[in-house]
$ cat structure_39.txt   # compact mmCIF, C-alpha atoms
# COMPACT_ATOMS: atom_id res chain seq x y z
CA MET R 1 0.00 0.00 0.00
CA SER R 2 1.55 3.26 -1.13
CA PHE R 3 1.49 6.40 0.96
CA HIS R 4 1.09 9.64 -0.95
CA VAL R 5 2.06 13.03 0.47
CA SER R 6 0.71 15.99 -1.47
CA PRO R 7 3.05 18.94 -2.08
CA ALA R 8 0.97 21.11 0.27
CA LEU R 9 1.10 18.51 3.04
CA GLY R 10 4.83 18.08 2.47
CA LEU R 11 5.30 21.84 2.84
CA LEU R 12 3.27 21.77 6.05
CA LEU R 13 5.41 18.96 7.48
CA LEU R 14 8.60 20.79 6.51
CA SER R 15 7.42 23.97 8.26
CA ILE R 16 6.62 21.95 11.38
CA ALA R 17 10.08 20.33 11.31
CA VAL R 18 11.69 23.78 11.18
CA GLN R 19 9.58 25.02 14.07
CA LEU R 20 10.38 21.97 16.19
CA TYR R 21 14.08 22.46 15.47
CA TYR R 22 13.92 25.99 16.91
CA VAL R 23 11.90 24.74 19.86
CA ALA R 24 14.30 21.86 20.59
CA TYR R 25 17.60 23.65 19.94
CA TYR R 26 16.92 27.17 21.23
CA PHE R 27 13.80 27.52 23.37
CA LEU R 28 13.62 24.31 25.43
CA PRO R 29 17.31 24.19 26.49
CA PHE R 30 17.12 27.86 27.45
CA ALA R 31 13.96 27.21 29.48
CA ARG R 32 15.63 24.29 31.26
CA ARG R 33 18.93 25.97 32.06
CA ALA R 34 19.94 26.15 35.69
CA PRO R 35 19.18 29.29 37.72
CA GLU R 36 21.90 31.89 37.54
CA PRO R 37 24.27 32.06 40.54
CA THR R 38 23.25 34.34 43.37
CA GLU R 39 26.83 35.52 43.84
CA GLY R 40 29.36 36.84 41.38
CA PRO R 41 32.49 38.98 41.11
CA ALA R 42 32.77 42.07 43.28
CA PRO R 43 30.28 44.60 41.93
CA GLU R 44 31.34 47.89 40.40
CA PRO R 45 29.54 51.24 40.38
CA VAL R 46 26.91 51.64 37.67
CA SER R 47 25.28 54.59 35.91
CA VAL R 48 21.54 54.12 35.34
CA LEU R 49 20.21 56.19 32.42
CA VAL R 50 16.59 57.05 31.71
CA CYS R 51 15.22 59.22 28.90
CA ALA R 52 11.88 60.94 29.43
CA HIS R 53 9.65 63.00 27.18
CA ASN R 54 6.59 64.38 29.01
CA GLU R 55 6.50 61.42 31.38
CA LEU R 56 6.21 63.07 34.78
CA GLU R 57 3.73 60.56 36.21
CA ASN R 58 5.85 57.64 35.05
CA LEU R 59 8.92 59.19 36.65
CA ARG R 60 7.07 59.64 39.94
CA ARG R 61 6.62 55.87 39.94
CA LEU R 62 10.02 54.85 38.55
CA LEU R 63 12.58 57.05 40.30
CA PRO R 64 11.65 56.06 43.89
CA LEU R 65 12.06 52.40 42.89
CA LEU R 66 15.46 53.13 41.38
CA LEU R 67 16.51 54.93 44.53
CA GLN R 68 15.53 51.85 46.56
CA GLN R 69 17.84 49.51 44.64
CA ASP R 70 20.00 47.41 46.95
CA TYR R 71 23.41 47.92 45.41
CA PRO R 72 26.26 48.53 47.88
CA ALA R 73 28.84 49.28 45.19
CA GLY R 74 27.05 52.55 44.46
CA PHE R 75 25.20 53.92 41.48
CA GLU R 76 24.06 57.16 39.94
CA ILE R 77 20.81 57.93 38.16
CA ILE R 78 20.96 60.15 35.09
CA LEU R 79 17.61 61.46 33.89
CA VAL R 80 17.65 62.92 30.39
CA ASP R 81 14.75 65.38 30.11
CA ASP R 82 14.08 65.21 26.38
CA ARG R 83 12.15 68.36 25.41
CA SER R 84 9.50 67.81 28.08
CA GLU R 85 6.72 70.35 28.39
CA ASP R 86 5.40 69.12 31.74
CA ASP R 87 6.99 69.57 35.18
CA THR R 88 9.65 66.90 34.72
CA PHE R 89 12.46 69.43 35.21
CA LEU R 90 11.07 70.75 38.50
CA TYR R 91 10.41 67.28 39.88
CA VAL R 92 13.88 65.92 39.11
CA GLN R 93 15.52 69.15 40.26
CA GLN R 94 13.88 68.68 43.66
CA LEU R 95 15.19 65.12 43.84
CA THR R 96 18.74 66.22 43.09
CA GLN R 97 18.68 68.42 46.19
CA TYR R 98 18.12 65.37 48.43
CA TYR R 99 19.90 62.70 46.41
CA PRO R 100 23.29 63.80 45.10
CA HIS R 101 23.58 60.66 42.95
CA VAL R 102 20.57 61.80 40.90
CA ARG R 103 21.64 63.97 37.98
CA MET R 104 19.79 65.51 35.06
CA VAL R 105 20.49 66.49 31.48
CA THR R 106 18.05 68.82 29.76
CA VAL R 107 17.58 68.64 25.99
CA LYS R 108 15.95 71.75 24.56
CA ASN R 109 16.12 70.88 20.86
CA THR R 110 17.14 67.97 18.67
CA PRO R 111 19.30 68.72 15.61
CA ASP R 112 17.41 68.28 12.36
CA GLY R 113 17.41 64.77 10.97
CA LEU R 114 18.67 63.03 14.12
CA SER R 115 16.77 60.51 16.20
CA PRO R 116 15.57 62.40 19.30
CA LYS R 117 16.04 59.49 21.67
CA LYS R 118 19.51 58.58 20.39
CA TYR R 119 20.60 62.19 20.62
CA ALA R 120 19.25 62.43 24.17
CA LEU R 121 20.93 59.17 25.20
CA THR R 122 24.24 60.32 23.75
CA LEU R 123 24.14 63.45 25.93
CA GLY R 124 23.35 61.34 28.99
CA ILE R 125 26.17 58.90 28.28
CA LYS R 126 28.64 61.76 27.91
CA ILE R 127 28.18 62.82 31.53
CA ALA R 128 27.96 59.30 33.01
CA ARG R 129 30.64 58.84 35.66
CA HIS R 130 30.91 55.06 35.57
CA PRO R 131 32.18 52.76 32.78
CA ARG R 132 29.21 50.41 33.21
CA MET R 133 25.82 51.76 32.21
CA LEU R 134 22.34 50.32 32.61
CA PHE R 135 19.39 51.61 30.57
CA THR R 136 15.64 51.56 31.03
CA ASP R 137 12.65 53.64 29.93
CA ALA R 138 10.55 56.05 31.93
CA ASP R 139 7.43 53.91 31.56
CA CYS R 140 9.17 50.87 33.10
CA ILE R 141 9.78 49.76 36.64
CA PRO R 142 12.31 47.23 37.94
CA ALA R 143 10.68 43.99 39.08
CA THR R 144 12.68 43.92 42.33
CA ASN R 145 15.16 45.98 44.31
CA GLN R 146 17.84 43.49 43.14
CA TRP R 147 17.57 44.53 39.49
CA LEU R 148 20.91 46.35 39.53
CA ASN R 149 22.60 43.43 41.26
CA TYR R 150 21.37 40.86 38.76
CA MET R 151 22.16 42.89 35.66
CA GLN R 152 25.62 43.86 36.95
CA ARG R 153 26.54 40.21 37.48
CA GLY R 154 26.26 39.67 33.75
CA PHE R 155 29.41 41.73 33.20
CA GLY R 156 31.38 39.23 35.27
CA ARG R 157 30.88 36.31 32.83
CA PRO R 158 32.85 38.21 31.34
CA ALA R 159 30.81 40.39 29.02
CA ASP R 160 30.69 43.85 27.50
CA MET R 161 26.91 43.93 27.05
CA VAL R 162 24.12 42.43 29.14
CA VAL R 163 20.68 41.80 27.66
CA GLY R 164 17.71 41.41 29.99
CA TYR R 165 14.00 40.75 29.71
CA SER R 166 11.21 43.29 29.96
CA ALA R 167 7.64 42.07 30.28
CA TYR R 168 4.35 43.94 30.09
CA ALA R 169 1.92 44.22 32.96
CA PRO R 170 -1.13 41.91 32.73
CA GLU R 171 -4.47 43.62 32.19
CA PRO R 172 -7.93 42.44 31.11
CA GLY R 173 -8.66 42.03 27.42
CA PHE R 174 -7.40 40.17 24.36
CA LEU R 175 -5.11 42.99 23.20
CA ASN R 176 -3.13 42.80 26.42
CA LYS R 177 -2.71 39.04 26.07
CA LEU R 178 -1.52 39.44 22.47
CA ILE R 179 0.97 42.19 23.40
CA ARG R 180 2.34 40.05 26.20
CA PHE R 181 2.59 37.01 23.91
CA GLU R 182 4.44 39.00 21.26
CA THR R 183 6.85 40.32 23.88
CA PHE R 184 7.31 36.84 25.31
CA LEU R 185 8.01 35.27 21.91
CA THR R 186 10.42 38.04 20.93
CA GLY R 187 12.20 37.55 24.25
CA ALA R 188 12.34 33.80 23.70
CA GLN R 189 14.13 34.44 20.42
CA TYR R 190 16.70 37.09 21.32
CA LEU R 191 17.51 35.60 24.74
CA SER R 192 17.85 31.98 23.58
CA PHE R 193 19.71 32.93 20.41
CA ALA R 194 22.18 35.02 22.44
CA TRP R 195 22.56 32.18 24.94
CA ARG R 196 23.45 29.88 22.02
CA GLY R 197 26.07 32.39 20.88
CA PHE R 198 24.07 34.36 18.31
CA PRO R 199 23.21 37.70 19.96
CA TYR R 200 21.34 40.03 17.63
CA MET R 201 19.24 42.42 19.71
CA GLY R 202 18.21 43.64 23.13
CA VAL R 203 15.50 45.94 24.43
CA GLY R 204 16.23 49.45 25.65
CA ARG R 205 13.92 48.87 28.60
CA ASN R 206 16.53 46.53 30.12
CA LEU R 207 19.96 46.71 28.55
CA ALA R 208 23.46 47.31 29.89
CA TYR R 209 26.77 47.98 28.21
CA THR R 210 30.13 49.59 28.87
CA ARG R 211 31.33 52.97 27.75
CA GLN R 212 34.01 51.18 25.73
CA VAL R 213 31.29 49.40 23.72
CA PHE R 214 29.57 52.69 23.01
CA HIS R 215 32.80 54.26 21.82
CA SER R 216 33.77 51.21 19.73
CA THR R 217 30.55 51.57 17.74
CA LYS R 218 30.99 55.36 17.54
CA GLY R 219 27.78 55.61 19.49
CA PHE R 220 24.69 55.49 17.34
CA ALA R 221 26.56 56.95 14.35
CA SER R 222 25.62 54.22 11.86
CA HIS R 223 21.90 54.69 12.49
CA ILE R 224 21.57 58.08 14.17
CA ARG R 225 18.98 59.16 11.58
CA SER R 226 16.82 56.06 12.06
CA LEU R 227 14.08 56.53 14.64
CA GLY R 228 14.37 53.04 16.11
CA GLY R 229 17.36 50.92 16.99
CA ASP R 230 18.91 52.56 20.05
CA ASP R 231 18.95 49.01 21.43
CA ASP R 232 18.94 46.31 18.73
CA LEU R 233 21.02 48.18 16.13
CA LEU R 234 23.54 49.08 18.83
CA VAL R 235 23.79 45.38 19.70
CA GLN R 236 24.30 44.63 16.00
CA ASP R 237 27.16 47.14 15.76
CA ALA R 238 28.71 46.04 19.05
CA VAL R 239 28.76 42.35 18.11
CA THR R 240 30.36 43.26 14.80
CA GLN R 241 33.10 45.00 16.80
CA GLY R 242 33.65 41.88 18.90
CA ALA R 243 31.61 42.72 21.99
CA ARG R 244 30.78 39.80 24.28
CA VAL R 245 27.11 39.53 25.20
CA ALA R 246 25.68 37.94 28.36
CA VAL R 247 22.06 37.00 29.04
CA VAL R 248 20.49 37.69 32.43
CA ALA R 249 16.95 36.35 32.49
CA GLU R 250 16.24 35.71 36.16
CA PRO R 251 12.83 37.15 37.22
CA GLY R 252 14.56 39.46 39.69
CA ALA R 253 16.39 41.08 36.77
CA HIS R 254 13.28 41.92 34.77
CA THR R 255 11.64 45.25 34.20
CA LEU R 256 7.90 45.69 33.84
CA SER R 257 6.23 48.09 31.40
CA GLU R 258 2.77 49.46 30.80
CA PRO R 259 1.39 48.05 27.52
CA ALA R 260 -0.28 50.05 24.75
CA GLN R 261 -3.96 50.59 25.45
CA THR R 262 -5.27 50.58 21.87
CA TRP R 263 -4.68 48.52 18.73
CA GLY R 264 -3.58 51.66 16.89
CA ALA R 265 -0.96 52.60 19.47
CA TRP R 266 0.47 49.08 19.45
CA TRP R 267 0.48 49.00 15.65
CA LEU R 268 2.58 52.18 15.48
CA GLN R 269 4.90 50.90 18.21
CA LYS R 270 5.52 47.62 16.42
CA ARG R 271 6.05 49.32 13.05
CA ARG R 272 8.80 51.39 14.62
CA HIS R 273 10.40 48.34 16.25
CA LEU R 274 10.27 46.15 13.15
CA SER R 275 11.64 48.88 10.89
CA ALA R 276 15.09 48.38 12.42
CA GLY R 277 15.17 44.77 11.22
CA ARG R 278 16.14 45.82 7.71
CA ARG R 279 19.55 46.81 9.08
CA TYR R 280 20.31 43.49 10.78
CA LYS R 281 23.14 41.31 9.53
CA LEU R 282 22.09 38.82 6.88
CA SER R 283 22.75 35.86 9.18
CA ASP R 284 20.51 37.34 11.88
CA ARG R 285 17.77 38.19 9.41
CA LEU R 286 17.87 34.62 8.12
CA ARG R 287 17.84 33.09 11.59
CA VAL R 288 14.85 35.15 12.71
CA GLY R 289 13.18 35.15 9.31
CA ILE R 290 13.26 31.37 8.94
CA PHE R 291 11.49 30.96 12.27
CA ILE R 292 8.84 33.56 11.43
CA GLY R 293 8.51 32.26 7.88
CA ALA R 294 8.07 28.65 8.97
CA ASN R 295 5.20 29.66 11.22
CA LEU R 296 3.56 31.71 8.50
CA VAL R 297 3.92 28.84 6.02
CA PHE R 298 2.43 26.47 8.57
CA TYR R 299 -0.70 28.54 9.09
CA GLY R 300 -1.10 29.46 5.43
CA THR R 301 -0.71 25.87 4.26
CA ALA R 302 -3.01 24.56 6.98
CA ILE R 303 -5.76 26.91 5.83
CA GLY R 304 -5.28 25.73 2.26
CA LEU R 305 -5.48 22.06 3.30
CA LEU R 306 -8.85 22.67 4.92
CA PHE R 307 -10.25 22.74 1.39
CA SER R 308 -8.79 19.30 0.65
CA PRO R 309 -10.87 16.63 2.47
CA LEU R 310 -8.39 13.89 1.55
CA ASN R 311 -5.80 15.61 3.78
CA TRP R 312 -8.01 16.33 6.78
CA VAL R 313 -6.78 13.40 8.89
CA SER R 314 -3.11 14.11 8.16
CA LEU R 315 -3.68 17.82 8.81
CA ALA R 316 -5.37 17.13 12.13
CA ILE R 317 -2.56 14.82 13.30
CA ALA R 318 0.19 17.23 12.19
CA TRP R 319 -1.61 20.21 13.72
CA CYS R 320 -2.07 18.46 17.07
CA ILE R 321 1.54 17.28 17.29
CA ARG R 322 2.90 20.71 16.43
CA THR R 323 0.52 22.59 18.72
CA VAL R 324 1.07 20.32 21.72
CA CYS R 325 4.88 20.46 21.39
CA VAL R 326 5.07 24.22 20.86
CA THR R 327 2.53 25.03 23.57
CA ALA R 328 4.29 22.81 26.12
CA VAL R 329 7.65 24.49 25.49
CA TYR R 330 6.15 27.98 25.54
CA ALA R 331 4.51 27.16 28.87
CA ARG R 332 7.85 25.90 30.25
CA LEU R 333 9.62 29.01 29.01
CA GLY R 334 6.89 31.19 30.52
CA ARG R 335 7.56 29.63 33.92
CA ARG R 336 11.30 30.17 33.48
CA LEU R 337 10.79 33.85 32.67
CA ASP R 338 7.97 34.24 35.18
CA ASP R 339 5.83 35.66 32.38
CA ARG R 340 2.91 33.27 32.17
CA LEU R 341 -0.07 33.46 29.89
CA PRO R 342 -3.14 31.20 30.26
CA LEU R 343 -2.23 27.84 28.73
CA ALA R 344 -5.51 27.54 26.84
CA TRP R 345 -4.90 30.89 25.12
CA LEU R 346 -1.45 30.05 23.73
CA PRO R 347 -2.54 28.29 20.49
CA LEU R 348 -4.94 31.12 19.58
CA LEU R 349 -2.43 33.85 20.45
CA ASP R 350 0.21 32.06 18.40
CA ALA R 351 -2.01 31.99 15.32
CA VAL R 352 -3.24 35.58 15.63
CA TYR R 353 0.28 36.88 16.27
CA PHE R 354 1.75 35.50 13.05
CA PHE R 355 -1.05 36.87 10.89
CA TYR R 356 -0.63 40.21 12.66
CA TYR R 357 3.12 40.01 11.96
CA LEU R 358 2.39 39.38 8.28
CA ALA R 359 0.14 42.46 8.16
CA LEU R 360 2.86 44.55 9.81
CA GLY R 361 5.43 43.38 7.29
CA ILE R 362 3.17 44.30 4.39
CA SER R 363 2.48 47.69 5.99
CA LEU R 364 6.19 48.44 6.37
CA PHE R 365 6.84 47.43 2.77
CA LEU R 366 4.13 49.73 1.43
CA TYR R 367 4.43 52.64 3.87
CA ARG R 368 7.85 53.28 5.34
CA THR R 369 7.27 56.71 6.89
CA LEU R 370 7.65 56.65 10.68
CA ARG R 371 7.19 59.29 13.34
CA TRP R 372 8.58 59.79 16.81
CA LYS R 373 6.81 61.38 19.73
$ encode --input "structure_39.txt" --output "structure tokens"
Amino acid sequence: MSFHVSPALGLLLLSIAVQLYYVAYYFLPFARRAPEPTEGPAPEPVSVLVCAHNELENLRRLLPLLLQQDYPAGFEIILVDDRSEDDTFLYVQQLTQYYPHVRMVTVKNTPDGLSPKKYALTLGIKIARHPRMLFTDADCIPATNQWLNYMQRGFGRPADMVVGYSAYAPEPGFLNKLIRFETFLTGAQYLSFAWRGFPYMGVGRNLAYTRQVFHSTKGFASHIRSLGGDDDLLVQDAVTQGARVAVVAEPGAHTLSEPAQTWGAWWLQKRRHLSAGRRYKLSDRLRVGIFIGANLVFYGTAIGLLFSPLNWVSLAIAWCIRTVCVTAVYARLGRRLDDRLPLAWLPLLDAVYFFYYLALGISLFLYRTLRWK
């Protein structure tokens, strides 16, 4: 008795094989890795840099938590007030009177054609007193008062850059679950790839690097006119220059952000983030693109096979095997990162995310104009 596999079913099985390779080689071993040591080399002082543009209320929440960090080696906080029109200046100025390790840089104008955030960060880095620098955003908070400790330990591996994880706060509604899933899956990729020796990005909400790294890349010079990329494109340039990258993914090292509240706001945010991908190295684009592409092929082919009754049994078996394997690993990784989504939602979120990703890619191809706040 012969067994016939149609071209469409063969393509489906190939896409599943690719997905399971990524799951087995990158995601599952990363999820199962041992907890990071609680002790490390003697800590060194750190400069914590935050850019803010009209984010007074966020700063009222963030800065007290930064001041409460348990870090005996000492640290300074540099707040870059980027053209704010609220009372950010007055609030931070009051803090500097009571906390001498809080400092402020005020940006009145951004030179034409330059990325506002990269320009603001550059000014903050120029006045930083310590060789090691840790970056976060004004709308983030550290998960614990050990955030500085955990992220600093990454330098002792040894490393020149430390990439961390930044989750979004859980809220009611499907949009929130989708945003959190997208963040989780992106984190699964860049953290596990870096752990396997292929670092390609980080997130500016939780990223550390040395002054030497910044100087070796000539700052943001190669992409100073691109709105996005103060994090991932800097990692790209630094790795090209030979920088060593460490991963710190313990829950105590996370930061937590407020998610977008509307579909439109998230759409614009993701367009800006994905636009930087065109500047990635070819090897990184292939590594990420093959994973994304395999998932898109899987869903597209599966939809096509629904119109072929002869393939329904094979489709159902393949779909179940793939979904069970992927969902189980995602759940394990969610426990490892302490960023858990309801198990029953994972298959639906996975499907919706990849179609959303396809729509974003088409949007970026057709309309490349981006704006910054």
$ residues_around --input "structure_39.txt" --residues "Arg132 (chain R)" --least-positions-apart "5" --cutoff "9 Å" --atoms "all atoms listed in the file" --output "PyMOL selection string"
chain R and resi 44-48+152+155+160+208-212
$ closest_residue --input "structure_39.txt" --among "R:Gly156, R:Leu227, R:Ser257, R:Glu250" --to "Arg61 (chain R)" --atoms "all atoms listed in the file"
R:Ser257
$ atom_distance --input "structure_39.txt" --atom1 "CA of Met133 (chain R)" --atom2 "CA of His215 (chain R)"
12.8 Å
$ closest_residue --input "structure_39.txt" --among "R:Tyr99, R:Glu57, R:Pro251, R:Val203" --to "Leu234 (chain R)" --atoms "all atoms listed in the file"
R:Val203
$ residues_around --input "structure_39.txt" --residues "Tyr119 (chain R)" --least-positions-apart "2" --cutoff "12 Å" --atoms "only C-alpha atoms" --output "MDAnalysis selection string"
chainID R and resid 51 80:83 105:117 121:126 219:221 223:228 230
$ residues_around --input "structure_39.txt" --residues "region 322-333 of chain R" --least-positions-apart "6" --cutoff "9 Å" --atoms "only C-alpha atoms" --output "VMD selection string"
chain R and resid 16 to 17 19 to 20 23 to 24 27 to 28 30 to 32 184 to 185 188 339 to 343 346 to 347
$ closest_residue --input "structure_39.txt" --among "R:Thr144, R:Ser308, R:Ser283, R:Gln189" --to "Tyr26 (chain R)" --atoms "only C-alpha atoms"
R:Gln189
$ closest_residue --input "structure_39.txt" --among "R:Ala138, R:Leu148, R:Ala294, R:Leu233" --to "Asp70 (chain R)" --atoms "all atoms listed in the file"
R:Leu148
$ closest_residue --input "structure_39.txt" --among "R:Val50, R:Val92, R:Ala318, R:Val313" --to "Ile78 (chain R)" --atoms "only C-alpha atoms"
R:Val50
$ atom_distance --input "structure_39.txt" --atom1 "CA of Arg60 (chain R)" --atom2 "CA of Thr183 (chain R)"
25.1 Å
$ residues_around --input "structure_39.txt" --residues "Ala143 (chain R)" --least-positions-apart "4" --cutoff "10 Å" --atoms "only C-alpha atoms" --output "number ranges by chain"
R: 65, 147, 166-167, 251-257
$ write_last_selection --input "structure_39.txt" --atoms "C-alpha atoms" --output "compact mmCIF listing (two decimals), in the frame of the given file"
# COMPACT_ATOMS: atom_id res chain seq x y z
CA LEU R 65 12.06 52.40 42.89
CA TRP R 147 17.57 44.53 39.49
CA SER R 166 11.21 43.29 29.96
CA ALA R 167 7.64 42.07 30.28
CA PRO R 251 12.83 37.15 37.22
CA GLY R 252 14.56 39.46 39.69
CA ALA R 253 16.39 41.08 36.77
CA HIS R 254 13.28 41.92 34.77
CA THR R 255 11.64 45.25 34.20
CA LEU R 256 7.90 45.69 33.84
CA SER R 257 6.23 48.09 31.40
$ closest_atom_pairs --input "structure_39.txt" --of "region 186-284 of chain R" --to "region 170-173 of chain R" --cutoff "12 Å" --atoms "only C-alpha atoms" --output "tab-separated table"
residue	atom	partner	partner_atom	distance
R:Leu256	CA	R:Pro170	CA	9.9
R:Ser257	CA	R:Pro170	CA	9.7
R:Glu258	CA	R:Pro170	CA	8.7
R:Pro259	CA	R:Pro170	CA	8.4
R:Ala260	CA	R:Glu171	CA	10.7
R:Gln261	CA	R:Glu171	CA	9.7
R:Thr262	CA	R:Gly173	CA	10.7
R:Trp263	CA	R:Gly173	CA	11.6
$ write_last_selection --input "structure_39.txt" --atoms "C-alpha atoms" --output "PDB file, in the frame of the given file"
ATOM      1  CA  LEU R 256       7.900  45.690  33.840  1.00  0.00           C
ATOM      2  CA  SER R 257       6.230  48.090  31.400  1.00  0.00           C
ATOM      3  CA  GLU R 258       2.770  49.460  30.800  1.00  0.00           C
ATOM      4  CA  PRO R 259       1.390  48.050  27.520  1.00  0.00           C
ATOM      5  CA  ALA R 260      -0.280  50.050  24.750  1.00  0.00           C
ATOM      6  CA  GLN R 261      -3.960  50.590  25.450  1.00  0.00           C
ATOM      7  CA  THR R 262      -5.270  50.580  21.870  1.00  0.00           C
ATOM      8  CA  TRP R 263      -4.680  48.520  18.730  1.00  0.00           C
TER       9      TRP R 263
END
$ residues_around --input "structure_39.txt" --residues "Asp284 (chain R)" --least-positions-apart "6" --cutoff "10 Å" --atoms "all atoms listed in the file" --output "ChimeraX atom specification"
/R:193,198-201,236,277,290
$ atom_distance --input "structure_39.txt" --atom1 "CA of Leu306 (chain R)" --atom2 "CA of Ile321 (chain R)"
17.0 Å
$ axis_aligned_box --input "structure_39.txt" --around "region 187-197 of chain R" --padding-each-side "4 Å" --output "lines of an AutoDock Vina configuration file"
center_x = 19.1
center_y = 33.7
center_z = 22.7
size_x = 21.9
size_y = 15.7
size_z = 12.5
$ closest_residue --input "structure_39.txt" --among "R:Phe135, R:Tyr91, R:Phe298, R:Tyr21" --to "Glu76 (chain R)" --atoms "only C-alpha atoms"
R:Phe135
$ build_atoms --input "structure_39.txt" --residues "region 199-215 of chain R" --atoms "N, CA, C and O atoms" --output "mmCIF file, in the coordinates of the input"
data_model
loop_
_atom_site.group_PDB
_atom_site.id
_atom_site.type_symbol
_atom_site.label_atom_id
_atom_site.label_comp_id
_atom_site.auth_asym_id
_atom_site.auth_seq_id
_atom_site.Cartn_x
_atom_site.Cartn_y
_atom_site.Cartn_z
ATOM 1 N N PRO R 199 23.920 36.501 19.515
ATOM 2 C CA PRO R 199 23.210 37.700 19.960
ATOM 3 C C PRO R 199 22.897 38.617 18.784
ATOM 4 O O PRO R 199 23.751 38.836 17.918
ATOM 5 N N TYR R 200 21.685 39.142 18.742
ATOM 6 C CA TYR R 200 21.340 40.030 17.630
ATOM 7 C C TYR R 200 20.531 41.246 18.062
ATOM 8 O O TYR R 200 20.390 42.194 17.301
ATOM 9 N N MET R 201 20.002 41.256 19.277
ATOM 10 C CA MET R 201 19.240 42.420 19.710
ATOM 11 C C MET R 201 19.086 42.396 21.229
ATOM 12 O O MET R 201 19.408 41.410 21.900
ATOM 13 N N GLY R 202 18.626 43.515 21.752
ATOM 14 C CA GLY R 202 18.210 43.640 23.130
ATOM 15 C C GLY R 202 17.077 44.644 23.147
ATOM 16 O O GLY R 202 16.689 45.164 22.099
ATOM 17 N N VAL R 203 16.549 44.923 24.316
ATOM 18 C CA VAL R 203 15.500 45.940 24.430
ATOM 19 C C VAL R 203 15.988 47.060 25.329
ATOM 20 O O VAL R 203 16.579 46.813 26.382
ATOM 21 N N GLY R 204 15.753 48.301 24.900
ATOM 22 C CA GLY R 204 16.230 49.450 25.650
ATOM 23 C C GLY R 204 15.598 49.601 27.012
ATOM 24 O O GLY R 204 16.075 50.394 27.828
ATOM 25 N N ARG R 205 14.555 48.827 27.291
ATOM 26 C CA ARG R 205 13.920 48.870 28.600
ATOM 27 C C ARG R 205 14.737 48.111 29.645
ATOM 28 O O ARG R 205 14.480 48.250 30.841
ATOM 29 N N ASN R 206 15.714 47.319 29.185
ATOM 30 C CA ASN R 206 16.530 46.530 30.120
ATOM 31 C C ASN R 206 17.792 46.068 29.418
ATOM 32 O O ASN R 206 17.902 44.921 28.997
ATOM 33 N N LEU R 207 18.741 46.967 29.316
ATOM 34 C CA LEU R 207 19.960 46.710 28.550
ATOM 35 C C LEU R 207 21.134 47.411 29.228
ATOM 36 O O LEU R 207 21.002 48.539 29.707
ATOM 37 N N ALA R 208 22.262 46.734 29.281
ATOM 38 C CA ALA R 208 23.460 47.310 29.890
ATOM 39 C C ALA R 208 24.650 47.131 28.957
ATOM 40 O O ALA R 208 24.749 46.123 28.255
ATOM 41 N N TYR R 209 25.525 48.111 28.957
ATOM 42 C CA TYR R 209 26.770 47.980 28.210
ATOM 43 C C TYR R 209 27.790 48.957 28.770
ATOM 44 O O TYR R 209 27.468 49.848 29.558
ATOM 45 N N THR R 210 29.040 48.753 28.366
ATOM 46 C CA THR R 210 30.130 49.590 28.870
ATOM 47 C C THR R 210 30.338 50.811 27.977
ATOM 48 O O THR R 210 29.945 50.821 26.811
ATOM 49 N N ARG R 211 30.994 51.785 28.539
ATOM 50 C CA ARG R 211 31.330 52.970 27.750
ATOM 51 C C ARG R 211 32.237 52.595 26.576
ATOM 52 O O ARG R 211 32.142 53.160 25.492
ATOM 53 N N GLN R 212 33.115 51.613 26.800
ATOM 54 C CA GLN R 212 34.010 51.180 25.730
ATOM 55 C C GLN R 212 33.220 50.647 24.539
ATOM 56 O O GLN R 212 33.570 50.889 23.380
ATOM 57 N N VAL R 213 32.133 49.899 24.805
ATOM 58 C CA VAL R 213 31.290 49.400 23.720
ATOM 59 C C VAL R 213 30.684 50.559 22.953
ATOM 60 O O VAL R 213 30.658 50.562 21.711
ATOM 61 N N PHE R 214 30.191 51.543 23.668
ATOM 62 C CA PHE R 214 29.570 52.690 23.010
ATOM 63 C C PHE R 214 30.570 53.422 22.124
ATOM 64 O O PHE R 214 30.252 53.810 20.992
ATOM 65 N N HIS R 215 31.784 53.569 22.610
ATOM 66 C CA HIS R 215 32.800 54.260 21.820
ATOM 67 C C HIS R 215 33.263 53.403 20.632
ATOM 68 O O HIS R 215 33.565 53.927 19.560
#
